[in-house]
file model_38.cif (mmCIF, C-alpha atoms)
data_data
#
loop_
_atom_site.label_atom_id
_atom_site.label_comp_id
_atom_site.auth_asym_id
_atom_site.auth_seq_id
_atom_site.Cartn_x
_atom_site.Cartn_y
_atom_site.Cartn_z
CA MET F 1 -30.23 -8.12 12.63
CA LYS F 2 -31.49 -11.60 11.91
CA LYS F 3 -29.09 -14.35 10.95
CA ASP F 4 -30.93 -15.09 7.72
CA THR F 5 -30.10 -11.57 6.54
CA LEU F 6 -26.33 -12.12 6.47
CA PHE F 7 -26.40 -13.50 2.95
CA THR F 8 -28.62 -10.63 1.81
CA MET F 9 -26.32 -8.12 3.48
CA THR F 10 -23.28 -9.63 1.75
CA LEU F 11 -25.02 -9.70 -1.61
CA ASN F 12 -26.24 -6.11 -1.27
CA ALA F 13 -22.79 -4.93 -0.20
CA LEU F 14 -21.66 -6.23 -3.57
CA MET F 15 -24.62 -5.27 -5.77
CA LYS F 16 -26.28 -2.39 -3.93
CA PRO F 17 -23.63 -0.92 -1.61
CA GLU F 18 -25.38 2.40 -1.00
CA VAL F 19 -28.46 0.58 0.32
CA VAL F 20 -26.37 -1.23 2.91
CA TRP F 21 -24.40 1.92 3.77
CA LYS F 22 -27.56 3.90 4.48
CA LYS F 23 -28.85 1.21 6.81
CA GLU F 24 -25.56 0.67 8.65
CA LEU F 25 -24.89 4.38 9.09
CA SER F 26 -27.95 4.61 11.30
CA ASN F 27 -26.96 1.47 13.21
CA GLU F 28 -25.68 2.79 16.55
CA ILE F 29 -23.42 -0.08 17.59
CA SER F 30 -19.87 -0.22 18.92
CA TRP F 31 -17.16 -1.63 16.72
CA GLN F 32 -16.58 -4.44 19.24
CA ASP F 33 -20.18 -5.61 18.91
CA TYR F 34 -20.12 -5.09 15.15
CA LEU F 35 -17.03 -7.28 15.04
CA LYS F 36 -18.88 -10.09 16.77
CA TYR F 37 -21.84 -9.74 14.43
CA PRO F 38 -21.96 -9.49 11.45
CA ILE F 39 -18.20 -9.28 10.72
CA LEU F 40 -16.94 -12.54 12.24
CA PRO F 41 -19.72 -14.80 10.87
CA ILE F 42 -19.32 -13.40 7.35
CA ILE F 43 -15.52 -13.52 7.39
CA ALA F 44 -15.50 -17.05 8.80
CA THR F 45 -17.92 -18.21 6.10
CA ILE F 46 -15.84 -16.62 3.34
CA ALA F 47 -12.64 -18.11 4.80
CA ILE F 48 -14.14 -21.62 4.89
CA ILE F 49 -15.44 -21.41 1.31
CA SER F 50 -12.08 -20.04 0.14
CA GLY F 51 -10.23 -22.82 1.95
CA ILE F 52 -12.42 -25.52 0.42
CA LEU F 53 -12.02 -24.16 -3.12
CA THR F 54 -8.26 -23.84 -2.65
CA LYS F 55 -8.14 -27.45 -1.44
CA LEU F 56 -10.03 -28.53 -4.57
CA PHE F 57 -8.33 -26.36 -7.20
CA GLY F 58 -4.99 -25.55 -5.56
CA PHE F 59 -2.83 -22.44 -5.58
CA HIS F 60 -2.12 -21.36 -9.15
CA ILE F 61 1.43 -20.10 -9.55
CA PRO F 62 2.68 -18.75 -12.91
CA ALA F 63 5.30 -20.92 -14.63
CA ILE F 64 4.77 -23.70 -12.08
CA GLY F 65 1.09 -24.58 -12.07
CA ALA F 66 -1.21 -25.69 -9.29
CA ILE F 67 0.05 -26.58 -5.82
CA TYR F 68 -2.46 -28.46 -3.71
CA PRO F 69 -2.41 -27.77 0.04
CA SER F 70 -2.67 -30.45 2.67
CA MET F 71 -5.51 -30.48 5.16
CA THR F 72 -3.19 -28.89 7.73
CA ASP F 73 -2.35 -26.07 5.34
CA THR F 74 -6.03 -25.61 4.52
CA LEU F 75 -6.92 -25.22 8.20
CA LEU F 76 -4.02 -22.79 8.62
CA GLN F 77 -5.29 -20.81 5.64
CA ILE F 78 -8.83 -20.58 7.05
CA THR F 79 -7.65 -19.58 10.53
CA GLY F 80 -5.08 -17.12 9.22
CA PHE F 81 -7.61 -15.58 6.84
CA VAL F 82 -9.91 -14.66 9.73
CA ILE F 83 -7.24 -13.54 12.21
CA VAL F 84 -5.23 -11.45 9.75
CA PHE F 85 -8.35 -9.77 8.38
CA VAL F 86 -9.71 -8.88 11.82
CA ILE F 87 -6.38 -7.50 13.08
CA SER F 88 -5.87 -5.52 9.87
CA LEU F 89 -9.43 -4.20 10.03
CA ILE F 90 -9.03 -2.89 13.58
CA ILE F 91 -5.64 -1.25 12.94
CA LEU F 92 -6.74 0.32 9.65
CA GLY F 93 -10.01 1.40 11.20
CA PHE F 94 -8.17 3.51 13.77
CA ILE F 95 -5.91 4.89 11.02
CA ALA F 96 -8.83 5.78 8.73
CA ALA F 97 -10.65 7.51 11.59
CA TYR F 98 -7.53 9.43 12.62
CA ILE F 99 -6.84 10.65 9.06
CA ALA F 100 -10.47 11.75 8.79
CA GLY F 101 -10.15 13.76 11.98
CA VAL F 102 -6.98 15.46 10.74
CA LEU F 103 -8.71 16.38 7.47
CA GLY F 104 -11.73 17.91 9.17
CA GLY F 105 -13.94 14.82 9.18
CA LYS F 106 -15.11 12.58 12.01
CA ASN F 107 -12.58 10.63 14.06
CA ASP F 108 -15.13 7.86 14.56
CA ILE F 109 -13.66 4.37 14.92
CA ASN F 110 -17.11 2.73 14.90
CA GLN F 111 -18.01 4.18 11.52
CA ALA F 112 -14.50 3.61 10.14
CA ILE F 113 -14.56 -0.12 10.87
CA LYS F 114 -18.07 -0.46 9.47
CA MET F 115 -16.99 1.35 6.32
CA LEU F 116 -13.84 -0.73 5.79
CA PHE F 117 -15.69 -3.99 6.35
CA LEU F 118 -18.49 -3.16 3.94
CA ILE F 119 -16.23 -1.93 1.15
CA SER F 120 -13.99 -4.99 1.66
CA ILE F 121 -16.76 -7.48 0.91
CA PRO F 122 -16.31 -7.40 -2.90
CA SER F 123 -12.56 -7.91 -2.48
CA LEU F 124 -13.15 -10.79 -0.05
CA ILE F 125 -15.56 -12.46 -2.48
CA GLY F 126 -12.92 -11.93 -5.16
CA GLN F 127 -10.42 -13.88 -3.06
CA VAL F 128 -12.87 -16.76 -2.95
CA PHE F 129 -13.22 -16.81 -6.74
CA GLY F 130 -9.46 -16.38 -7.04
CA ALA F 131 -9.04 -20.10 -6.39
CA LEU F 132 -10.91 -20.98 -9.59
CA PRO F 133 -8.68 -21.89 -12.54
CA PHE F 134 -8.34 -19.66 -15.63
CA VAL F 135 -10.83 -16.90 -14.76
CA GLY F 136 -10.36 -16.70 -11.00
CA TRP F 137 -7.56 -14.14 -11.01
CA ILE F 138 -9.50 -11.86 -13.36
CA VAL F 139 -12.57 -11.90 -11.13
CA SER F 140 -10.41 -11.38 -8.04
CA LEU F 141 -8.58 -8.43 -9.58
CA GLY F 142 -11.81 -6.82 -10.80
CA LEU F 143 -13.54 -7.11 -7.42
CA GLY F 144 -10.42 -5.82 -5.66
CA ILE F 145 -10.50 -2.70 -7.82
CA TYR F 146 -14.23 -2.37 -7.16
CA SER F 147 -13.49 -2.26 -3.42
CA LEU F 148 -11.07 0.62 -4.04
CA VAL F 149 -13.78 2.51 -5.91
CA LEU F 150 -16.24 1.88 -3.07
CA LEU F 151 -13.70 3.13 -0.54
CA TYR F 152 -13.33 6.38 -2.46
CA ARG F 153 -17.09 6.83 -2.55
CA ALA F 154 -17.67 5.81 1.09
CA ILE F 155 -15.15 8.12 2.80
CA PRO F 156 -17.42 11.22 2.85
CA GLU F 157 -20.48 9.13 3.80
CA PHE F 158 -19.04 7.35 6.84
CA LEU F 159 -16.34 9.73 8.06
CA GLY F 160 -17.69 13.12 7.02
CA VAL F 161 -14.58 14.02 5.02
CA SER F 162 -15.29 16.88 2.62
CA ILE F 163 -15.25 16.29 -1.13
CA GLU F 164 -12.20 18.57 -1.33
CA ASN F 165 -10.22 16.34 1.05
CA ARG F 166 -11.47 12.97 -0.14
CA VAL F 167 -8.53 12.32 -2.47
CA LYS F 168 -6.05 13.18 0.28
CA HIS F 169 -7.72 10.76 2.69
CA PHE F 170 -7.86 8.05 0.03
CA ILE F 171 -4.17 8.27 -0.90
CA PHE F 172 -2.92 8.57 2.70
CA PHE F 173 -5.03 5.58 3.70
CA ILE F 174 -3.83 3.44 0.78
CA ILE F 175 -0.21 4.11 1.75
CA ALA F 176 -0.98 3.19 5.37
CA ALA F 177 -2.82 0.05 4.26
CA ILE F 178 0.17 -1.11 2.20
CA VAL F 179 2.56 -0.59 5.11
CA VAL F 180 0.26 -2.31 7.63
CA SER F 181 -0.29 -5.23 5.24
CA MET F 182 3.45 -5.72 4.79
CA LEU F 183 4.11 -5.61 8.54
CA ILE F 184 1.33 -8.07 9.34
CA ASN F 185 2.38 -10.48 6.60
CA MET F 186 5.98 -10.40 7.85
CA THR F 187 4.92 -11.08 11.43
CA ILE F 188 1.55 -12.67 12.15
CA GLY F 189 1.16 -13.87 8.56
CA ARG F 190 4.19 -16.11 8.86
CA ILE F 191 2.52 -18.11 11.60
CA PHE F 192 -0.14 -19.21 9.11
CA ALA F 193 2.19 -19.80 6.16
CA PRO F 194 1.76 -23.25 4.54
CA LYS F 195 3.91 -25.81 6.35
CA ASP F 196 4.01 -28.70 3.91
CA MET F 197 2.47 -27.34 0.70
CA ILE F 198 5.63 -27.89 -1.33
CA ALA F 199 5.42 -31.60 -0.55
CA HIS F 200 2.19 -31.71 -2.55
CA ILE F 201 3.47 -29.97 -5.65
CA ASN F 202 3.16 -31.72 -8.99
CA LYS F 203 6.78 -32.78 -9.56
CA ASP F 204 6.37 -33.04 -13.34
CA ILE F 205 5.21 -29.43 -13.56
CA LEU F 206 8.11 -28.26 -11.40
CA THR F 207 10.62 -30.18 -13.53
CA ASN F 208 9.20 -28.77 -16.76
CA SER F 209 9.31 -25.28 -15.31
CA GLN F 210 12.95 -25.64 -14.29
CA ASN F 211 13.84 -26.94 -17.75
CA GLY F 212 12.21 -23.94 -19.35
CA SER F 213 9.60 -25.98 -21.20
CA HIS F 214 6.67 -24.61 -19.23
CA LYS F 215 6.15 -21.00 -20.29
CA ILE F 216 3.29 -18.56 -20.09
CA ASP F 217 2.74 -16.19 -22.99
CA LEU F 218 0.64 -13.11 -22.36
CA PRO F 219 -1.57 -12.42 -25.41
CA GLY F 220 -0.76 -9.14 -27.11
CA LYS F 221 1.95 -8.21 -24.62
CA LYS F 222 4.55 -7.59 -27.33
CA GLU F 223 2.21 -5.90 -29.76
CA THR F 224 0.21 -3.29 -27.90
CA LYS F 225 0.01 -1.73 -24.49
CA SER F 226 -3.16 -2.51 -22.60
CA GLU F 227 -5.63 0.33 -22.19
CA ASN F 228 -6.52 -1.10 -18.81
CA PRO F 229 -4.97 1.26 -16.21
CA VAL F 230 -4.45 -1.63 -13.79
CA GLN F 231 -2.54 -3.59 -16.43
CA ASP F 232 -0.52 -0.46 -17.22
CA TYR F 233 0.29 -0.10 -13.53
CA ILE F 234 1.45 -3.72 -13.25
CA GLU F 235 3.50 -3.48 -16.44
CA SER F 236 5.09 -0.23 -15.28
CA MET F 237 6.07 -1.83 -12.00
CA SER F 238 7.64 -4.79 -13.81
CA LYS F 239 9.58 -2.47 -16.14
CA GLY F 240 10.89 -0.37 -13.28
CA ASP F 241 9.00 2.76 -14.33
CA TYR F 242 7.93 3.31 -10.71
CA ASN F 243 11.37 4.39 -9.49
CA GLN F 244 12.84 0.91 -9.16
CA LYS F 245 15.90 1.93 -11.19
CA THR F 246 16.48 5.01 -9.05
CA ILE F 247 16.14 2.97 -5.86
CA THR F 248 18.41 0.20 -7.16
CA ASP F 249 21.09 2.63 -8.36
CA SER F 250 21.00 4.48 -5.04
CA ALA F 251 21.24 1.23 -3.07
CA ASN F 252 24.44 0.39 -4.96
CA ASP F 253 26.15 3.61 -3.85
CA ILE F 254 29.00 3.05 -1.41
CA PHE F 255 30.52 5.56 0.98
CA THR F 256 32.96 4.99 3.82
CA PRO F 257 32.56 7.77 6.38
CA PRO F 258 35.55 9.06 8.33
CA GLU F 259 36.04 7.47 11.73
CA ASN F 260 35.93 10.83 13.49
CA GLY F 261 32.50 11.63 12.02
CA ARG F 262 33.59 15.12 10.95
CA LEU F 263 32.25 16.87 7.87
CA THR F 264 34.24 18.94 5.42
CA LYS F 265 33.27 22.38 4.18
CA GLU F 266 32.88 20.92 0.68
CA GLN F 267 30.45 18.27 1.94
CA VAL F 268 28.32 20.87 3.72
CA GLN F 269 28.14 23.03 0.60
CA LYS F 270 27.34 19.98 -1.54
CA PHE F 271 24.51 19.00 0.80
CA ILE F 272 23.05 22.52 0.82
CA THR F 273 23.21 22.69 -2.99
CA TYR F 274 21.38 19.38 -3.37
CA ALA F 275 18.86 20.14 -0.64
CA LYS F 276 17.96 23.51 -2.20
CA LYS F 277 17.30 21.78 -5.50
CA VAL F 278 15.09 19.25 -3.71
CA LYS F 279 12.99 22.06 -2.22
CA ILE F 280 12.61 23.73 -5.61
CA VAL F 281 11.50 20.49 -7.27
CA GLU F 282 9.17 19.68 -4.36
CA LYS F 283 7.48 23.06 -4.76
CA GLU F 284 7.11 22.56 -8.50
CA GLN F 285 5.70 19.06 -8.05
CA ALA F 286 3.28 20.21 -5.33
CA GLN F 287 1.93 22.93 -7.61
CA ARG F 288 1.62 20.50 -10.52
CA LEU F 289 -0.27 17.95 -8.41
CA LYS F 290 -2.51 20.66 -6.96
CA GLU F 291 -3.51 21.75 -10.45
CA LYS F 292 -3.87 18.14 -11.59
CA TYR F 293 -6.23 17.00 -8.83
CA GLU F 294 -7.88 20.26 -7.72
CA LYS F 295 -10.87 19.92 -10.03
CA LYS F 296 -11.25 16.18 -9.51
CA GLU F 297 -11.34 16.54 -5.72
CA LYS F 298 -14.48 18.66 -6.04
CA SER F 299 -16.36 16.22 -8.24
CA ASP F 300 -17.28 12.56 -8.53
CA ASP F 301 -15.48 12.29 -11.86
CA PHE F 302 -12.66 10.20 -10.46
CA SER F 303 -11.76 7.10 -12.46
CA ILE F 304 -9.73 3.97 -11.75
CA SER F 305 -7.02 5.42 -13.96
CA ASP F 306 -6.85 8.47 -11.67
CA ILE F 307 -6.42 6.19 -8.64
CA PHE F 308 -3.41 4.41 -10.09
CA ASN F 309 -1.95 7.64 -11.45
CA GLY F 310 -2.27 9.00 -7.91
CA LEU F 311 -0.32 6.04 -6.56
CA LYS F 312 2.37 6.71 -9.17
CA ASP F 313 2.53 10.37 -8.14
CA VAL F 314 2.93 9.35 -4.49
CA SER F 315 5.72 6.98 -5.50
CA ASN F 316 7.46 9.76 -7.42
CA LEU F 317 7.27 12.13 -4.45
CA ALA F 318 8.67 9.47 -2.13
CA THR F 319 11.85 9.15 -4.22
CA LEU F 320 12.14 12.79 -5.28
CA GLU F 321 15.14 13.58 -3.03
CA MET F 322 16.89 10.45 -4.25
CA LYS F 323 16.30 11.41 -7.88
CA VAL F 324 17.66 14.93 -7.43
CA VAL F 325 20.87 13.65 -5.84
CA LYS F 326 21.42 10.91 -8.44
CA SER F 327 20.55 13.09 -11.45
CA ASN F 328 23.15 15.62 -10.32
CA GLY F 329 25.89 13.04 -10.04
CA GLY F 330 25.71 12.64 -6.29
CA ASN F 331 26.38 9.60 -4.11
CA TRP F 332 23.21 8.72 -2.20
CA ALA F 333 25.06 6.93 0.59
CA GLU F 334 27.34 9.93 1.14
CA TYR F 335 24.41 12.34 0.96
CA GLN F 336 22.52 10.42 3.63
CA TRP F 337 25.55 10.40 5.92
CA ILE F 338 26.12 14.13 5.44
CA LYS F 339 22.45 14.85 6.08
CA ASP F 340 22.52 12.93 9.37
CA ARG F 341 25.66 14.78 10.52
CA VAL F 342 24.19 18.17 9.56
CA ARG F 343 20.99 17.31 11.45
CA GLU F 344 22.99 16.36 14.56
CA ALA F 345 25.05 19.54 14.34
CA TYR F 346 21.94 21.69 13.91
CA TYR F 347 19.80 20.19 16.69
CA THR F 348 22.50 19.11 19.18
CA PRO F 349 25.55 21.32 18.50
CA SER F 350 27.02 20.78 21.98
CA LEU F 351 26.49 17.03 22.23
CA ASN F 352 30.17 16.13 21.79
CA GLU F 353 33.36 17.33 20.13
CA THR F 354 32.28 16.04 16.73
CA THR F 355 28.98 17.91 16.71
CA LYS F 356 30.74 21.04 17.96
CA TYR F 357 33.17 20.81 15.03
CA ASN F 358 30.40 20.19 12.48
CA ALA F 359 28.28 22.98 13.97
CA LYS F 360 31.04 25.46 13.17
CA LEU F 361 30.96 24.34 9.52
CA ILE F 362 27.25 25.08 9.16
CA LYS F 363 27.46 28.40 10.95
CA GLY F 364 25.83 31.09 8.82
CA GLU F 365 23.72 28.53 6.97
CA GLU F 366 21.27 27.84 9.80
CA GLU F 367 18.23 29.39 8.12
CA THR F 368 18.85 27.48 4.91
CA ILE F 369 19.41 24.22 6.76
CA LYS F 370 16.29 24.77 8.89
CA SER F 371 14.18 24.94 5.74
CA ILE F 372 15.55 21.72 4.25
CA LEU F 373 15.81 19.34 7.22
#

call {"tool": "encode", "arguments": {"input": "model_38.cif", "output": "structure tokens"}}
result
Amino acid sequence: MKKDTLFTMTLNALMKPEVVWKKELSNEISWQDYLKYPILPIIATIAIISGILTKLFGFHIPAIGAIYPSMTDTLLQITGFVIVFVISLIILGFIAAYIAGVLGGKNDINQAIKMLFLISIPSLIGQVFGALPFVGWIVSLGLGIYSLVLLYRAIPEFLGVSIENRVKHFIFFIIAAIVVSMLINMTIGRIFAPKDMIAHINKDILTNSQNGSHKIDLPGKKETKSENPVQDYIESMSKGDYNQKTITDSANDIFTPPENGRLTKEQVQKFITYAKKVKIVEKEQAQRLKEKYEKKEKSDDFSISDIFNGLKDVSNLATLEMKVVKSNGGNWAEYQWIKDRVREAYYTPSLNETTKYNAKLIKGEEETIKSIL
């Protein structure tokens, strides 16, 4: 690959992705060499351009305004951009390849990293434009969504995942990507956090914001609900429609366990009652989701709205047990404690006197407990 083709490759990855995919699929190169070229040169170039634009236009923060980074912060941003992207790419590449292997595709780390890099290019370009005032965030959001669409389309091409399993791979990978991103931002990302950016904030803007005189009104927010599925997703998150209320209510539950760690017969029966209901609801939800996505998995008729609805469905499944307990008047903190004690009694009944005592309470319910743990 010639150096003067890097710009063409980047442009085609944005405008003609399938053309680039076809060429790179036949490129027999290890992921280590692919990382050296073309990944690092392209990422470094994007990071530098992004850093320069951020230095010129600042970070735009709602209700505050623009905060202009120092030269030190700009250099940190550029360095962090490259390092965090490369580390994330490698980790997620192994995850994407592993998921593909589990779902009957190819556990090929070389192809996985190539795929993730190529579909990330629109999103990376979006981050560059994100520094521009007024329209930057719109462009950034749009290109970020475009990368998600490309990921969905690229999974069968690069990793040999069947059309039937493509949705599963997509959703599992998105969940993994969110978790990895959070972990990296909380660890490595902190190293490259701005050190003195606040010292460069426009004090007048900050004062106005604190006094409540600097407000941002979203056009049409009070009148109609946006037909944009991304906007609907963001609004739902802000309103707590994505299980925030359930999580918050459950987090407020308080339970003081007995010092001896022993269960009561009533607690065991309560746990079994709740757990049975959870299994029933899980089965109903699984059937509903199977019917909902079965046809779409076998076709290319999969829209952005379906992607975000899928994320909502995953969120609902993740808090299903919590919802069942809370909707039936249960205490989540107590339920969790009981569940842990039942698990100990079931798997290690002879560990100590406490587990021996609790094991006697669940005697006769082993088959039921086995199905719900």

call {"tool": "resolve_selection", "arguments": {"input": "model_38.cif", "expression": "the PyMOL selection byres ((chain F and resi 71-76) around 8)", "output": "ChimeraX atom specification"}}
result
/F:51-52,54-55,69-70,77-80,192-197

call {"tool": "write_last_selection", "arguments": {"input": "model_38.cif", "atoms": "C-alpha atoms", "output": "PDB file, keeping the file's coordinate frame"}}
result
ATOM      1  CA  GLY F  51     -10.230 -22.820   1.950  1.00  0.00           C
ATOM      2  CA  ILE F  52     -12.420 -25.520   0.420  1.00  0.00           C
ATOM      3  CA  THR F  54      -8.260 -23.840  -2.650  1.00  0.00           C
ATOM      4  CA  LYS F  55      -8.140 -27.450  -1.440  1.00  0.00           C
ATOM      5  CA  PRO F  69      -2.410 -27.770   0.040  1.00  0.00           C
ATOM      6  CA  SER F  70      -2.670 -30.450   2.670  1.00  0.00           C
ATOM      7  CA  GLN F  77      -5.290 -20.810   5.640  1.00  0.00           C
ATOM      8  CA  ILE F  78      -8.830 -20.580   7.050  1.00  0.00           C
ATOM      9  CA  THR F  79      -7.650 -19.580  10.530  1.00  0.00           C
ATOM     10  CA  GLY F  80      -5.080 -17.120   9.220  1.00  0.00           C
ATOM     11  CA  PHE F 192      -0.140 -19.210   9.110  1.00  0.00           C
ATOM     12  CA  ALA F 193       2.190 -19.800   6.160  1.00  0.00           C
ATOM     13  CA  PRO F 194       1.760 -23.250   4.540  1.00  0.00           C
ATOM     14  CA  LYS F 195       3.910 -25.810   6.350  1.00  0.00           C
ATOM     15  CA  ASP F 196       4.010 -28.700   3.910  1.00  0.00           C
ATOM     16  CA  MET F 197       2.470 -27.340   0.700  1.00  0.00           C
TER      17      MET F 197
END

call {"tool": "resolve_selection", "arguments": {"input": "model_38.cif", "expression": "the PyMOL selection byres ((chain F and resi 110) around 9)", "output": "PDB file with C-alpha atoms, in the frame of the given file"}}
result
ATOM      1  CA  GLU F  28     -25.680   2.790  16.550  1.00  0.00           C
ATOM      2  CA  ILE F  29     -23.420  -0.080  17.590  1.00  0.00           C
ATOM      3  CA  SER F  30     -19.870  -0.220  18.920  1.00  0.00           C
ATOM      4  CA  TRP F  31     -17.160  -1.630  16.720  1.00  0.00           C
ATOM      5  CA  GLN F  32     -16.580  -4.440  19.240  1.00  0.00           C
ATOM      6  CA  TYR F  34     -20.120  -5.090  15.150  1.00  0.00           C
ATOM      7  CA  GLY F  93     -10.010   1.400  11.200  1.00  0.00           C
ATOM      8  CA  ALA F  97     -10.650   7.510  11.590  1.00  0.00           C
ATOM      9  CA  ASP F 108     -15.130   7.860  14.560  1.00  0.00           C
ATOM     10  CA  ILE F 109     -13.660   4.370  14.920  1.00  0.00           C
ATOM     11  CA  GLN F 111     -18.010   4.180  11.520  1.00  0.00           C
ATOM     12  CA  ALA F 112     -14.500   3.610  10.140  1.00  0.00           C
ATOM     13  CA  ILE F 113     -14.560  -0.120  10.870  1.00  0.00           C
ATOM     14  CA  LYS F 114     -18.070  -0.460   9.470  1.00  0.00           C
ATOM     15  CA  MET F 115     -16.990   1.350   6.320  1.00  0.00           C
TER      16      MET F 115
END

call {"tool": "resolve_selection", "arguments": {"input": "model_38.cif", "expression": "the PyMOL selection byres ((chain F and resi 346-348) around 9)", "output": "number ranges by chain"}}
result
F: 341-345, 349-352, 355-356, 358-359, 362, 366, 369-370

call {"tool": "closest_residue", "arguments": {"input": "model_38.cif", "among": "F:Leu361, F:Leu56, F:Val161, F:Leu320", "to": "Arg262 in chain F", "atoms": "all atoms listed in the file"}}
result
F:Leu361

call {"tool": "residues_around", "arguments": {"input": "model_38.cif", "residues": "Leu25 in chain F", "least_positions_apart": "3", "cutoff": "7 Å", "atoms": "all atoms listed in the file", "output": "count of residues only"}}
result
3

call {"tool": "atom_distance", "arguments": {"input": "model_38.cif", "atom1": "CA of Phe173 in chain F", "atom2": "CA of Leu92 in chain F"}}
result
8.1 Å

call {"tool": "atom_distance", "arguments": {"input": "model_38.cif", "atom1": "CA of Phe170 in chain F", "atom2": "CA of Gly104 in chain F"}}
result
14.0 Å

call {"tool": "residues_around", "arguments": {"input": "model_38.cif", "residues": "Thr368 in chain F", "least_positions_apart": "6", "cutoff": "12 Å", "atoms": "all atoms listed in the file", "output": "MDAnalysis selection string"}}
result
chainID F and resid 268:269 271:277 279 342 346 362

call {"tool": "closest_residue", "arguments": {"input": "model_38.cif", "among": "F:Leu116, F:Ala100, F:Leu141, F:Val180", "to": "Pro156 in chain F", "atoms": "all atoms listed in the file"}}
result
F:Ala100

call {"tool": "atom_distance", "arguments": {"input": "model_38.cif", "atom1": "CA of Ser371 in chain F", "atom2": "CA of Val281 in chain F"}}
result
14.0 Å

call {"tool": "closest_residue", "arguments": {"input": "model_38.cif", "among": "F:Ala131, F:Ile42, F:Leu263, F:Ile87", "to": "Gly189 in chain F", "atoms": "only C-alpha atoms"}}
result
F:Ile87

call {"tool": "closest_residue", "arguments": {"input": "model_38.cif", "among": "F:Ile155, F:Val86, F:Leu143, F:Leu53", "to": "Gly105 in chain F", "atoms": "all atoms listed in the file"}}
result
F:Ile155

call {"tool": "closest_residue", "arguments": {"input": "model_38.cif", "among": "F:Ile91, F:Ile138, F:Leu159, F:Ile174", "to": "Lys106 in chain F", "atoms": "all atoms listed in the file"}}
result
F:Leu159

call {"tool": "closest_residue", "arguments": {"input": "model_38.cif", "among": "F:Ser88, F:Ser181, F:Thr256, F:Ser50", "to": "Val128 in chain F", "atoms": "only C-alpha atoms"}}
result
F:Ser50
